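Note: the block below is query29.pdb and it holds PDB, C-alpha atoms.
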ATOM      1  CA  MET A 189     -39.077 -38.088  80.868  1.00  0.00           C
ATOM      2  CA  LYS A 190     -37.863 -37.353  77.363  1.00  0.00           C
ATOM      3  CA  VAL A 191     -36.747 -33.899  78.427  1.00  0.00           C
ATOM      4  CA  ILE A 192     -34.607 -35.302  81.237  1.00  0.00           C
ATOM      5  CA  LYS A 193     -33.056 -37.781  78.820  1.00  0.00           C
ATOM      6  CA  ALA A 194     -32.196 -34.975  76.432  1.00  0.00           C
ATOM      7  CA  ILE A 195     -30.613 -32.942  79.217  1.00  0.00           C
ATOM      8  CA  MET A 196     -28.558 -35.974  80.255  1.00  0.00           C
ATOM      9  CA  PHE A 197     -27.240 -36.239  76.685  1.00  0.00           C
ATOM     10  CA  GLU A 198     -26.284 -32.584  76.748  1.00  0.00           C
ATOM     11  CA  VAL A 199     -24.420 -32.949  80.032  1.00  0.00           C
ATOM     12  CA  ARG A 200     -22.592 -36.054  78.803  1.00  0.00           C
ATOM     13  CA  ASP A 201     -21.556 -34.463  75.520  1.00  0.00           C
ATOM     14  CA  PHE A 202     -20.371 -31.331  77.271  1.00  0.00           C
ATOM     15  CA  PHE A 203     -17.539 -33.225  78.947  1.00  0.00           C
ATOM     16  CA  LYS A 204     -16.644 -35.335  75.868  1.00  0.00           C
ATOM     17  CA  LYS A 205     -13.575 -34.714  73.752  1.00  0.00           C
ATOM     18  CA  ARG A 206     -14.227 -32.423  70.794  1.00  0.00           C
ATOM     19  CA  VAL A 207     -14.392 -33.994  67.340  1.00  0.00           C
ATOM     20  CA  THR A 208     -13.619 -30.807  65.447  1.00  0.00           C
ATOM     21  CA  VAL A 209     -10.098 -29.579  64.682  1.00  0.00           C
ATOM     22  CA  GLU A 210      -9.510 -26.237  66.387  1.00  0.00           C
ATOM     23  CA  TYR A 211      -6.576 -25.382  64.204  1.00  0.00           C
ATOM     24  CA  PRO A 212      -5.694 -21.685  64.488  1.00  0.00           C
ATOM     25  CA  PHE A 213      -6.230 -21.866  68.277  1.00  0.00           C
ATOM     26  CA  GLY A 214      -5.251 -25.468  68.930  1.00  0.00           C
ATOM     27  CA  ASP A 215      -3.200 -28.402  67.769  1.00  0.00           C
ATOM     28  CA  PRO A 216      -3.482 -29.289  64.059  1.00  0.00           C
ATOM     29  CA  LYS A 217      -2.884 -33.049  64.712  1.00  0.00           C
ATOM     30  CA  ILE A 218      -0.861 -34.139  61.699  1.00  0.00           C
ATOM     31  CA  GLN A 219       0.115 -37.728  61.026  1.00  0.00           C
ATOM     32  CA  LYS A 220       3.853 -38.244  60.857  1.00  0.00           C
ATOM     33  CA  GLU A 221       3.577 -39.821  57.380  1.00  0.00           C
ATOM     34  CA  TYR A 222       2.299 -36.486  56.027  1.00  0.00           C
ATOM     35  CA  ARG A 223       4.399 -35.129  53.167  1.00  0.00           C
ATOM     36  CA  GLY A 224       4.993 -31.465  53.933  1.00  0.00           C
ATOM     37  CA  LYS A 225       7.990 -29.278  53.213  1.00  0.00           C
ATOM     38  CA  HIS A 226      11.112 -31.071  52.024  1.00  0.00           C
ATOM     39  CA  VAL A 227      14.101 -31.656  54.265  1.00  0.00           C
ATOM     40  CA  HIS A 228      17.354 -31.751  52.342  1.00  0.00           C
ATOM     41  CA  ASP A 229      20.414 -33.109  54.151  1.00  0.00           C
ATOM     42  CA  LYS A 230      23.437 -31.346  52.663  1.00  0.00           C
ATOM     43  CA  ASN A 231      25.910 -33.763  54.230  1.00  0.00           C
ATOM     44  CA  LYS A 232      24.245 -36.877  52.816  1.00  0.00           C
ATOM     45  CA  CYS A 233      23.481 -35.505  49.334  1.00  0.00           C
ATOM     46  CA  ILE A 234      25.912 -36.495  46.568  1.00  0.00           C
ATOM     47  CA  TYR A 235      24.261 -34.181  43.969  1.00  0.00           C
ATOM     48  CA  CYS A 236      23.689 -37.003  41.494  1.00  0.00           C
ATOM     49  CA  GLY A 237      20.534 -35.350  40.101  1.00  0.00           C
ATOM     50  CA  LEU A 238      18.345 -38.453  40.182  1.00  0.00           C
ATOM     51  CA  CYS A 239      15.591 -36.564  42.030  1.00  0.00           C
ATOM     52  CA  ALA A 240      15.564 -33.828  39.364  1.00  0.00           C
ATOM     53  CA  VAL A 241      15.348 -36.414  36.578  1.00  0.00           C
ATOM     54  CA  ASN A 242      12.524 -38.343  38.250  1.00  0.00           C
ATOM     55  CA  CYS A 243      10.466 -35.332  39.329  1.00  0.00           C
ATOM     56  CA  PRO A 244       7.146 -35.465  37.378  1.00  0.00           C
ATOM     57  CA  ALA A 245       6.538 -31.709  37.776  1.00  0.00           C
ATOM     58  CA  PHE A 246      10.158 -30.611  37.086  1.00  0.00           C
ATOM     59  CA  ALA A 247      10.231 -28.841  40.444  1.00  0.00           C
ATOM     60  CA  ILE A 248      13.727 -29.834  41.608  1.00  0.00           C
ATOM     61  CA  LYS A 249      16.841 -28.201  40.188  1.00  0.00           C
ATOM     62  CA  VAL A 250      20.257 -29.694  40.943  1.00  0.00           C
ATOM     63  CA  ASP A 251      23.532 -28.088  39.958  1.00  0.00           C
ATOM     64  CA  LYS A 252      26.237 -30.735  40.055  1.00  0.00           C
ATOM     65  CA  GLU A 253      29.189 -28.350  39.750  1.00  0.00           C
ATOM     66  CA  LYS A 254      28.042 -25.636  42.147  1.00  0.00           C
ATOM     67  CA  ARG A 255      26.549 -28.277  44.465  1.00  0.00           C
ATOM     68  CA  THR A 256      23.158 -26.656  44.960  1.00  0.00           C
ATOM     69  CA  TRP A 257      19.769 -28.243  45.425  1.00  0.00           C
ATOM     70  CA  VAL A 258      16.549 -26.219  45.185  1.00  0.00           C
ATOM     71  CA  VAL A 259      12.886 -27.167  44.998  1.00  0.00           C
ATOM     72  CA  ASP A 260      10.129 -24.910  43.701  1.00  0.00           C
ATOM     73  CA  LEU A 261       7.242 -25.522  46.106  1.00  0.00           C
ATOM     74  CA  GLY A 262       4.920 -23.835  43.628  1.00  0.00           C
ATOM     75  CA  LYS A 263       5.582 -26.591  41.123  1.00  0.00           C
ATOM     76  CA  CYS A 264       6.029 -29.559  43.463  1.00  0.00           C
ATOM     77  CA  ILE A 265       3.089 -31.959  43.702  1.00  0.00           C
ATOM     78  CA  PHE A 266       4.363 -33.683  46.882  1.00  0.00           C
ATOM     79  CA  CYS A 267       4.260 -37.165  45.363  1.00  0.00           C
ATOM     80  CA  GLY A 268       7.307 -38.428  47.283  1.00  0.00           C
ATOM     81  CA  ARG A 269       9.144 -39.747  44.234  1.00  0.00           C
ATOM     82  CA  CYS A 270      12.369 -37.845  45.080  1.00  0.00           C
ATOM     83  CA  GLU A 271      12.473 -39.405  48.542  1.00  0.00           C
ATOM     84  CA  GLU A 272      11.920 -42.854  47.026  1.00  0.00           C
ATOM     85  CA  VAL A 273      14.591 -42.549  44.358  1.00  0.00           C
ATOM     86  CA  CYS A 274      17.363 -40.916  46.447  1.00  0.00           C
ATOM     87  CA  PRO A 275      20.293 -43.353  46.770  1.00  0.00           C
ATOM     88  CA  THR A 276      21.658 -41.809  49.971  1.00  0.00           C
ATOM     89  CA  LYS A 277      18.278 -40.931  51.572  1.00  0.00           C
ATOM     90  CA  ALA A 278      19.193 -37.262  51.722  1.00  0.00           C
ATOM     91  CA  ILE A 279      15.629 -36.096  50.970  1.00  0.00           C
ATOM     92  CA  SER A 280      12.793 -36.540  53.415  1.00  0.00           C
ATOM     93  CA  PHE A 281       9.513 -34.784  54.183  1.00  0.00           C
ATOM     94  CA  SER A 282       8.688 -32.809  57.301  1.00  0.00           C
ATOM     95  CA  THR A 283       5.198 -32.152  58.652  1.00  0.00           C
ATOM     96  CA  VAL A 284       5.422 -28.399  57.937  1.00  0.00           C
ATOM     97  CA  PHE A 285       2.179 -27.703  56.065  1.00  0.00           C
ATOM     98  CA  ASP A 286       1.931 -23.896  56.053  1.00  0.00           C
ATOM     99  CA  MET A 287       4.191 -22.972  53.132  1.00  0.00           C
ATOM    100  CA  SER A 288       2.118 -20.075  51.819  1.00  0.00           C
ATOM    101  CA  ASP A 289       3.867 -16.862  50.842  1.00  0.00           C
ATOM    102  CA  LYS A 290       2.990 -13.510  49.327  1.00  0.00           C
ATOM    103  CA  ASN A 291       6.024 -13.566  47.067  1.00  0.00           C
ATOM    104  CA  LYS A 292       6.165 -16.303  44.454  1.00  0.00           C
ATOM    105  CA  LYS A 293       9.948 -16.221  44.300  1.00  0.00           C
ATOM    106  CA  LYS A 294      10.205 -17.135  47.974  1.00  0.00           C
ATOM    107  CA  LEU A 295       8.522 -20.458  47.259  1.00  0.00           C
ATOM    108  CA  VAL A 296      11.794 -21.707  45.771  1.00  0.00           C
ATOM    109  CA  SER A 297      13.498 -23.198  48.803  1.00  0.00           C
ATOM    110  CA  GLU A 298      16.537 -25.208  49.735  1.00  0.00           C
ATOM    111  CA  GLY A 299      14.451 -27.347  52.044  1.00  0.00           C
ATOM    112  CA  ALA A 300      13.733 -27.030  55.724  1.00  0.00           C
ATOM    113  CA  GLY A 301      16.249 -27.872  58.434  1.00  0.00           C
TER     114      GLY A 301
ATOM    115  CA  MET B1484     -14.310   0.042  62.857  1.00  0.00           C
ATOM    116  CA  LEU B1485     -15.029  -1.144  59.339  1.00  0.00           C
ATOM    117  CA  LYS B1486     -11.638  -2.779  59.103  1.00  0.00           C
ATOM    118  CA  TRP B1487     -12.110  -4.480  62.441  1.00  0.00           C
ATOM    119  CA  ALA B1488     -15.452  -5.858  61.277  1.00  0.00           C
ATOM    120  CA  ARG B1489     -14.037  -6.957  57.952  1.00  0.00           C
ATOM    121  CA  LYS B1490     -11.412  -9.070  59.692  1.00  0.00           C
ATOM    122  CA  ARG B1491     -14.086 -11.135  61.380  1.00  0.00           C
ATOM    123  CA  SER B1492     -16.400 -11.697  58.442  1.00  0.00           C
ATOM    124  CA  LEU B1493     -14.728 -13.093  55.373  1.00  0.00           C
ATOM    125  CA  TRP B1494     -16.833 -14.456  52.587  1.00  0.00           C
ATOM    126  CA  ILE B1495     -15.196 -16.769  50.152  1.00  0.00           C
ATOM    127  CA  TYR B1496     -15.916 -17.348  46.511  1.00  0.00           C
ATOM    128  CA  HIS B1497     -14.734 -20.710  45.230  1.00  0.00           C
ATOM    129  CA  LEU B1498     -13.523 -20.431  41.649  1.00  0.00           C
ATOM    130  CA  ASN B1499     -12.503 -23.580  39.843  1.00  0.00           C
ATOM    131  CA  ALA B1500     -10.634 -22.773  36.646  1.00  0.00           C
ATOM    132  CA  GLY B1501      -9.956 -26.232  35.287  1.00  0.00           C
ATOM    133  CA  GLY B1502      -8.496 -27.992  38.304  1.00  0.00           C
ATOM    134  CA  CYS B1503      -8.612 -31.737  38.835  1.00  0.00           C
ATOM    135  CA  ASN B1504     -11.073 -31.473  41.788  1.00  0.00           C
ATOM    136  CA  GLY B1505      -8.473 -32.425  44.412  1.00  0.00           C
ATOM    137  CA  CYS B1506      -8.149 -28.880  45.736  1.00  0.00           C
ATOM    138  CA  ASP B1507     -11.937 -28.418  45.499  1.00  0.00           C
ATOM    139  CA  ILE B1508     -12.542 -31.401  47.754  1.00  0.00           C
ATOM    140  CA  GLU B1509      -9.945 -30.123  50.192  1.00  0.00           C
ATOM    141  CA  LEU B1510     -11.462 -26.630  50.204  1.00  0.00           C
ATOM    142  CA  LEU B1511     -14.948 -28.038  50.776  1.00  0.00           C
ATOM    143  CA  ALA B1512     -13.571 -30.193  53.597  1.00  0.00           C
ATOM    144  CA  THR B1513     -12.176 -26.995  55.099  1.00  0.00           C
ATOM    145  CA  LEU B1514     -15.553 -25.291  54.894  1.00  0.00           C
ATOM    146  CA  ALA B1515     -17.405 -28.279  56.364  1.00  0.00           C
ATOM    147  CA  SER B1516     -18.091 -29.034  60.004  1.00  0.00           C
ATOM    148  CA  LYS B1517     -14.860 -30.794  60.995  1.00  0.00           C
ATOM    149  CA  TYR B1518     -12.754 -27.642  60.635  1.00  0.00           C
ATOM    150  CA  ASP B1519     -15.769 -25.374  61.143  1.00  0.00           C
ATOM    151  CA  PRO B1520     -14.439 -22.080  59.695  1.00  0.00           C
ATOM    152  CA  GLU B1521     -17.642 -20.254  60.653  1.00  0.00           C
ATOM    153  CA  ARG B1522     -16.110 -19.715  64.075  1.00  0.00           C
ATOM    154  CA  LEU B1523     -13.690 -17.429  62.181  1.00  0.00           C
ATOM    155  CA  GLY B1524     -16.528 -15.819  60.231  1.00  0.00           C
ATOM    156  CA  VAL B1525     -15.627 -17.599  57.016  1.00  0.00           C
ATOM    157  CA  LYS B1526     -18.517 -18.475  54.759  1.00  0.00           C
ATOM    158  CA  LEU B1527     -18.950 -19.728  51.214  1.00  0.00           C
ATOM    159  CA  VAL B1528     -20.983 -17.469  48.935  1.00  0.00           C
ATOM    160  CA  GLY B1529     -22.490 -18.161  45.544  1.00  0.00           C
ATOM    161  CA  SER B1530     -21.765 -14.840  43.889  1.00  0.00           C
ATOM    162  CA  PRO B1531     -18.459 -12.984  43.473  1.00  0.00           C
ATOM    163  CA  LYS B1532     -20.346  -9.722  44.147  1.00  0.00           C
ATOM    164  CA  HIS B1533     -20.682 -10.755  47.798  1.00  0.00           C
ATOM    165  CA  ALA B1534     -17.150 -12.075  48.255  1.00  0.00           C
ATOM    166  CA  ASP B1535     -14.079 -10.704  50.042  1.00  0.00           C
ATOM    167  CA  ILE B1536     -11.710 -13.492  49.107  1.00  0.00           C
ATOM    168  CA  ILE B1537     -11.576 -15.349  45.798  1.00  0.00           C
ATOM    169  CA  ILE B1538      -9.868 -18.721  45.869  1.00  0.00           C
ATOM    170  CA  VAL B1539      -8.611 -19.671  42.413  1.00  0.00           C
ATOM    171  CA  ILE B1540      -8.049 -23.355  41.791  1.00  0.00           C
ATOM    172  CA  GLY B1541      -6.496 -24.965  38.748  1.00  0.00           C
ATOM    173  CA  PRO B1542      -4.383 -23.930  35.768  1.00  0.00           C
ATOM    174  CA  ILE B1543      -6.577 -21.492  33.898  1.00  0.00           C
ATOM    175  CA  ASN B1544      -7.320 -22.834  30.435  1.00  0.00           C
ATOM    176  CA  TRP B1545      -8.270 -20.937  27.300  1.00  0.00           C
ATOM    177  CA  LYS B1546     -11.918 -21.926  27.541  1.00  0.00           C
ATOM    178  CA  ASN B1547     -12.549 -20.228  30.894  1.00  0.00           C
ATOM    179  CA  VAL B1548      -9.992 -17.423  30.915  1.00  0.00           C
ATOM    180  CA  ASP B1549     -12.596 -14.749  30.064  1.00  0.00           C
ATOM    181  CA  LYS B1550     -15.005 -15.979  32.738  1.00  0.00           C
ATOM    182  CA  VAL B1551     -12.260 -16.009  35.379  1.00  0.00           C
ATOM    183  CA  LYS B1552     -11.260 -12.450  34.504  1.00  0.00           C
ATOM    184  CA  GLU B1553     -14.892 -11.367  34.673  1.00  0.00           C
ATOM    185  CA  VAL B1554     -15.335 -12.920  38.115  1.00  0.00           C
ATOM    186  CA  ILE B1555     -12.229 -11.126  39.404  1.00  0.00           C
ATOM    187  CA  LYS B1556     -13.556  -7.861  37.927  1.00  0.00           C
ATOM    188  CA  GLN B1557     -16.995  -8.298  39.526  1.00  0.00           C
ATOM    189  CA  THR B1558     -15.635  -8.637  43.047  1.00  0.00           C
ATOM    190  CA  PRO B1559     -15.826  -5.373  45.009  1.00  0.00           C
ATOM    191  CA  GLU B1560     -12.770  -3.842  46.659  1.00  0.00           C
ATOM    192  CA  PRO B1561     -11.057  -4.584  48.994  1.00  0.00           C
ATOM    193  CA  LYS B1562     -10.608  -8.063  47.592  1.00  0.00           C
ATOM    194  CA  LYS B1563      -7.971 -10.694  48.056  1.00  0.00           C
ATOM    195  CA  VAL B1564      -7.105 -13.394  45.562  1.00  0.00           C
ATOM    196  CA  ILE B1565      -5.581 -16.647  46.783  1.00  0.00           C
ATOM    197  CA  ALA B1566      -3.966 -19.055  44.326  1.00  0.00           C
ATOM    198  CA  LEU B1567      -4.573 -22.491  45.845  1.00  0.00           C
ATOM    199  CA  GLY B1568      -2.496 -25.472  44.826  1.00  0.00           C
ATOM    200  CA  SER B1569       0.439 -26.020  42.514  1.00  0.00           C
ATOM    201  CA  CYS B1570      -1.681 -25.654  39.364  1.00  0.00           C
ATOM    202  CA  ALA B1571      -2.819 -22.119  40.140  1.00  0.00           C
ATOM    203  CA  ILE B1572       0.677 -21.044  41.172  1.00  0.00           C
ATOM    204  CA  SER B1573       2.761 -22.339  38.282  1.00  0.00           C
ATOM    205  CA  GLY B1574       0.705 -24.738  36.195  1.00  0.00           C
ATOM    206  CA  GLY B1575       1.911 -27.750  38.167  1.00  0.00           C
ATOM    207  CA  VAL B1576       1.959 -30.911  36.100  1.00  0.00           C
ATOM    208  CA  PHE B1577       0.044 -29.114  33.338  1.00  0.00           C
ATOM    209  CA  ALA B1578       2.632 -26.353  32.890  1.00  0.00           C
ATOM    210  CA  GLY B1579       3.536 -25.799  29.255  1.00  0.00           C
ATOM    211  CA  SER B1580       0.461 -27.505  27.795  1.00  0.00           C
ATOM    212  CA  TYR B1581      -1.123 -26.065  24.656  1.00  0.00           C
ATOM    213  CA  ASN B1582      -4.475 -25.353  26.331  1.00  0.00           C
ATOM    214  CA  ILE B1583      -3.210 -23.550  29.436  1.00  0.00           C
ATOM    215  CA  ALA B1584      -3.644 -19.754  29.437  1.00  0.00           C
ATOM    216  CA  GLY B1585      -0.971 -19.508  32.071  1.00  0.00           C
ATOM    217  CA  PRO B1586      -0.826 -19.544  35.839  1.00  0.00           C
ATOM    218  CA  ALA B1587      -3.091 -17.186  37.779  1.00  0.00           C
ATOM    219  CA  ASP B1588      -0.543 -14.421  38.372  1.00  0.00           C
ATOM    220  CA  LYS B1589      -0.045 -13.988  34.623  1.00  0.00           C
ATOM    221  CA  LEU B1590      -3.644 -12.816  34.210  1.00  0.00           C
ATOM    222  CA  PHE B1591      -4.406 -10.883  37.408  1.00  0.00           C
ATOM    223  CA  LYS B1592      -2.879  -9.862  40.731  1.00  0.00           C
ATOM    224  CA  VAL B1593      -2.564 -12.698  43.234  1.00  0.00           C
ATOM    225  CA  ASP B1594      -2.161 -11.857  46.927  1.00  0.00           C
ATOM    226  CA  LEU B1595      -1.156 -15.201  48.402  1.00  0.00           C
ATOM    227  CA  TYR B1596       0.259 -18.421  47.016  1.00  0.00           C
ATOM    228  CA  VAL B1597      -0.596 -21.639  48.845  1.00  0.00           C
ATOM    229  CA  PRO B1598       1.528 -24.562  47.648  1.00  0.00           C
ATOM    230  CA  GLY B1599       0.447 -28.162  47.965  1.00  0.00           C
ATOM    231  CA  CYS B1600      -1.170 -30.734  45.726  1.00  0.00           C
ATOM    232  CA  PRO B1601      -3.685 -30.410  47.300  1.00  0.00           C
ATOM    233  CA  PRO B1602      -2.928 -28.198  50.334  1.00  0.00           C
ATOM    234  CA  LYS B1603      -4.058 -29.478  53.719  1.00  0.00           C
ATOM    235  CA  PRO B1604      -7.240 -27.905  55.188  1.00  0.00           C
ATOM    236  CA  GLU B1605      -5.074 -26.480  57.977  1.00  0.00           C
ATOM    237  CA  ALA B1606      -2.911 -24.762  55.349  1.00  0.00           C
ATOM    238  CA  ILE B1607      -6.032 -23.234  53.771  1.00  0.00           C
ATOM    239  CA  ILE B1608      -7.221 -21.981  57.176  1.00  0.00           C
ATOM    240  CA  ALA B1609      -3.763 -20.503  57.828  1.00  0.00           C
ATOM    241  CA  ALA B1610      -3.877 -18.764  54.439  1.00  0.00           C
ATOM    242  CA  ILE B1611      -7.343 -17.333  55.086  1.00  0.00           C
ATOM    243  CA  LYS B1612      -6.172 -16.127  58.490  1.00  0.00           C
ATOM    244  CA  LYS B1613      -3.197 -14.354  56.918  1.00  0.00           C
ATOM    245  CA  MET B1614      -5.546 -12.589  54.503  1.00  0.00           C
ATOM    246  CA  ALA B1615      -7.880 -11.674  57.373  1.00  0.00           C
ATOM    247  CA  GLU B1616      -5.018 -10.013  59.212  1.00  0.00           C
ATOM    248  CA  GLU B1617      -4.127  -8.044  56.074  1.00  0.00           C
ATOM    249  CA  LEU B1618      -7.699  -6.895  55.516  1.00  0.00           C
ATOM    250  CA  GLY B1619      -7.859  -5.950  59.191  1.00  0.00           C
ATOM    251  CA  ALA B1620      -4.718  -3.855  58.827  1.00  0.00           C
ATOM    252  CA  GLY B1621      -6.286  -2.141  55.833  1.00  0.00           C
ATOM    253  CA  LYS B1622      -3.797  -3.215  53.206  1.00  0.00           C
TER     254      LYS B1622
END

Reformat the file's structure so that it appears as structure tokens.
Amino acid sequence: MKVIKAIMFEVRDFFKKRVTVEYPFGDPKIQKEYRGKHVHDKNKCIYCGLCAVNCPAFAIKVDKEKRTWVVDLGKCIFCGRCEEVCPTKAISFSTVFDMSDKNKKKLVSEGAG
Amino acid sequence: MLKWARKRSLWIYHLNAGGCNGCDIELLATLASKYDPERLGVKLVGSPKHADIIIVIGPINWKNVDKVKEVIKQTPEPKKVIALGSCAISGGVFAGSYNIAGPADKLFKVDLYVPGCPPKPEAIIAAIKKMAEELGAGK
């Protein structure tokens, strides 16, 4: 009797949804609140430099005259302070999580999108 | 043949060099059953002499700089070193402190930088997969 019960469990679990994340072969399932790579909107940004001042890891560099905005992903701690402090909401976070690179210099980015 | 086999059996050595434990928890979550990296042949080992990949976590401080160098030296070739998290890449929030011996690439060769504070388990799996492809290609 116990054996039949065990087999029934096996059959039931075989058709159940998997609880593991099958990432390299399947969907990674990321919440949309996840703070991944930065998205910098060049049209909205007024280059005030508030994000660079408030950054706790000194990862953001803003040049007011040349109008450039770069973030060093190797320094960034993804706290979300720059998004919070931006007066024109030019900075937001995407769900891009795979930012790894072989070259350290390529980690300095102008933001996705 | 050897290269093909190496691609499918990667043993990881987890090396904490003064990190805050955030990346450690995330790495252990990666190695646990939810992400189940053993389907990729990834396994945690206790000795650097058995490892293919060394994952360095944390800004290396003066107290453990010799031990970290020794661990890197003990690992047999071909080895890959992954710098995991902002601290190992650049020092992160600890950059410029008096007790930091410098980010990982100042002391030894680093093959892959994985940003994040801490990186997501999926990002760690993606990084390991990149290294597996490189070892498979014989680089």

Translate the PyMOL selection byres ((chain A) within 12 of (chain B)) into a concrete residue list for this structure, as a PDB file with C-alpha atoms, keeping the file's coordinate frame.
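Done, and the output landed in part32.pdb:
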ATOM      1  CA  ARG A 206     -14.227 -32.423  70.794  1.00  0.00           C
ATOM      2  CA  VAL A 207     -14.392 -33.994  67.340  1.00  0.00           C
ATOM      3  CA  THR A 208     -13.619 -30.807  65.447  1.00  0.00           C
ATOM      4  CA  VAL A 209     -10.098 -29.579  64.682  1.00  0.00           C
ATOM      5  CA  GLU A 210      -9.510 -26.237  66.387  1.00  0.00           C
ATOM      6  CA  TYR A 211      -6.576 -25.382  64.204  1.00  0.00           C
ATOM      7  CA  PRO A 212      -5.694 -21.685  64.488  1.00  0.00           C
ATOM      8  CA  PHE A 213      -6.230 -21.866  68.277  1.00  0.00           C
ATOM      9  CA  GLY A 214      -5.251 -25.468  68.930  1.00  0.00           C
ATOM     10  CA  ASP A 215      -3.200 -28.402  67.769  1.00  0.00           C
ATOM     11  CA  PRO A 216      -3.482 -29.289  64.059  1.00  0.00           C
ATOM     12  CA  LYS A 217      -2.884 -33.049  64.712  1.00  0.00           C
ATOM     13  CA  ILE A 218      -0.861 -34.139  61.699  1.00  0.00           C
ATOM     14  CA  GLN A 219       0.115 -37.728  61.026  1.00  0.00           C
ATOM     15  CA  TYR A 222       2.299 -36.486  56.027  1.00  0.00           C
ATOM     16  CA  ARG A 223       4.399 -35.129  53.167  1.00  0.00           C
ATOM     17  CA  GLY A 224       4.993 -31.465  53.933  1.00  0.00           C
ATOM     18  CA  LYS A 225       7.990 -29.278  53.213  1.00  0.00           C
ATOM     19  CA  HIS A 226      11.112 -31.071  52.024  1.00  0.00           C
ATOM     20  CA  CYS A 243      10.466 -35.332  39.329  1.00  0.00           C
ATOM     21  CA  PRO A 244       7.146 -35.465  37.378  1.00  0.00           C
ATOM     22  CA  ALA A 245       6.538 -31.709  37.776  1.00  0.00           C
ATOM     23  CA  PHE A 246      10.158 -30.611  37.086  1.00  0.00           C
ATOM     24  CA  ALA A 247      10.231 -28.841  40.444  1.00  0.00           C
ATOM     25  CA  VAL A 259      12.886 -27.167  44.998  1.00  0.00           C
ATOM     26  CA  ASP A 260      10.129 -24.910  43.701  1.00  0.00           C
ATOM     27  CA  LEU A 261       7.242 -25.522  46.106  1.00  0.00           C
ATOM     28  CA  GLY A 262       4.920 -23.835  43.628  1.00  0.00           C
ATOM     29  CA  LYS A 263       5.582 -26.591  41.123  1.00  0.00           C
ATOM     30  CA  CYS A 264       6.029 -29.559  43.463  1.00  0.00           C
ATOM     31  CA  ILE A 265       3.089 -31.959  43.702  1.00  0.00           C
ATOM     32  CA  PHE A 266       4.363 -33.683  46.882  1.00  0.00           C
ATOM     33  CA  CYS A 267       4.260 -37.165  45.363  1.00  0.00           C
ATOM     34  CA  GLY A 268       7.307 -38.428  47.283  1.00  0.00           C
ATOM     35  CA  THR A 283       5.198 -32.152  58.652  1.00  0.00           C
ATOM     36  CA  VAL A 284       5.422 -28.399  57.937  1.00  0.00           C
ATOM     37  CA  PHE A 285       2.179 -27.703  56.065  1.00  0.00           C
ATOM     38  CA  ASP A 286       1.931 -23.896  56.053  1.00  0.00           C
ATOM     39  CA  MET A 287       4.191 -22.972  53.132  1.00  0.00           C
ATOM     40  CA  SER A 288       2.118 -20.075  51.819  1.00  0.00           C
ATOM     41  CA  ASP A 289       3.867 -16.862  50.842  1.00  0.00           C
ATOM     42  CA  LYS A 290       2.990 -13.510  49.327  1.00  0.00           C
ATOM     43  CA  ASN A 291       6.024 -13.566  47.067  1.00  0.00           C
ATOM     44  CA  LYS A 292       6.165 -16.303  44.454  1.00  0.00           C
ATOM     45  CA  LYS A 293       9.948 -16.221  44.300  1.00  0.00           C
ATOM     46  CA  LYS A 294      10.205 -17.135  47.974  1.00  0.00           C
ATOM     47  CA  LEU A 295       8.522 -20.458  47.259  1.00  0.00           C
ATOM     48  CA  VAL A 296      11.794 -21.707  45.771  1.00  0.00           C
TER      49      VAL A 296
END

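Among the candidates A:Lys204, A:Lys277, A:Glu198, A:Glu271, the one nearest to A:Cys233 when counting only C-alpha atoms is A:Lys277.
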
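With atom CA of B:Lys1563 on one side and atom CA of B:Glu1616 on the other, the separation reads 11.6 Å.
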
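Distances to B:Tyr1496 were evaluated for B:Ile1555, B:Pro1542, B:Ile1508, B:Gly1524 using all atoms listed in the file, and the minimum falls at B:Ile1555.
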
Could you work out an axis-aligned box for stretch 1529-1540 of chain B, taking every atom the file lists and adding 5 Å on each side, and report centre and edge lengths in Å to one decimal, as AutoDock Vina command-line options?
--center_x -15.3 --center_y -16.5 --center_z 45.9 --size_x 24.4 --size_y 23.6 --size_z 18.3

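Atom CA of B:Gly1585 is positioned 27.5 Å from atom CA of B:Leu1618.
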
Name the residues that the PyMOL selection byres ((chain B and resi 1507) around 10) pulls out of this structure, and write them as a list of chain:residue names. B:His1497, B:Leu1498, B:Asn1499, B:Gly1502, B:Cys1503, B:Asn1504, B:Gly1505, B:Cys1506, B:Ile1508, B:Glu1509, B:Leu1510, B:Leu1511, B:Ala1512, B:Thr1513, B:Ile1538, B:Val1539, B:Ile1540, B:Gly1541, B:Leu1567, B:Gly1568, B:Pro1601

Please produce an output containing C-alpha atoms for each residue in the selection, written as an mmCIF file, in the coordinates of the input.
data_model
loop_
_atom_site.group_PDB
_atom_site.id
_atom_site.type_symbol
_atom_site.label_atom_id
_atom_site.label_comp_id
_atom_site.auth_asym_id
_atom_site.auth_seq_id
_atom_site.Cartn_x
_atom_site.Cartn_y
_atom_site.Cartn_z
ATOM 1 C CA HIS B 1497 -14.734 -20.710 45.230
ATOM 2 C CA LEU B 1498 -13.523 -20.431 41.649
ATOM 3 C CA ASN B 1499 -12.503 -23.580 39.843
ATOM 4 C CA GLY B 1502 -8.496 -27.992 38.304
ATOM 5 C CA CYS B 1503 -8.612 -31.737 38.835
ATOM 6 C CA ASN B 1504 -11.073 -31.473 41.788
ATOM 7 C CA GLY B 1505 -8.473 -32.425 44.412
ATOM 8 C CA CYS B 1506 -8.149 -28.880 45.736
ATOM 9 C CA ILE B 1508 -12.542 -31.401 47.754
ATOM 10 C CA GLU B 1509 -9.945 -30.123 50.192
ATOM 11 C CA LEU B 1510 -11.462 -26.630 50.204
ATOM 12 C CA LEU B 1511 -14.948 -28.038 50.776
ATOM 13 C CA ALA B 1512 -13.571 -30.193 53.597
ATOM 14 C CA THR B 1513 -12.176 -26.995 55.099
ATOM 15 C CA ILE B 1538 -9.868 -18.721 45.869
ATOM 16 C CA VAL B 1539 -8.611 -19.671 42.413
ATOM 17 C CA ILE B 1540 -8.049 -23.355 41.791
ATOM 18 C CA GLY B 1541 -6.496 -24.965 38.748
ATOM 19 C CA LEU B 1567 -4.573 -22.491 45.845
ATOM 20 C CA GLY B 1568 -2.496 -25.472 44.826
ATOM 21 C CA PRO B 1601 -3.685 -30.410 47.300
#
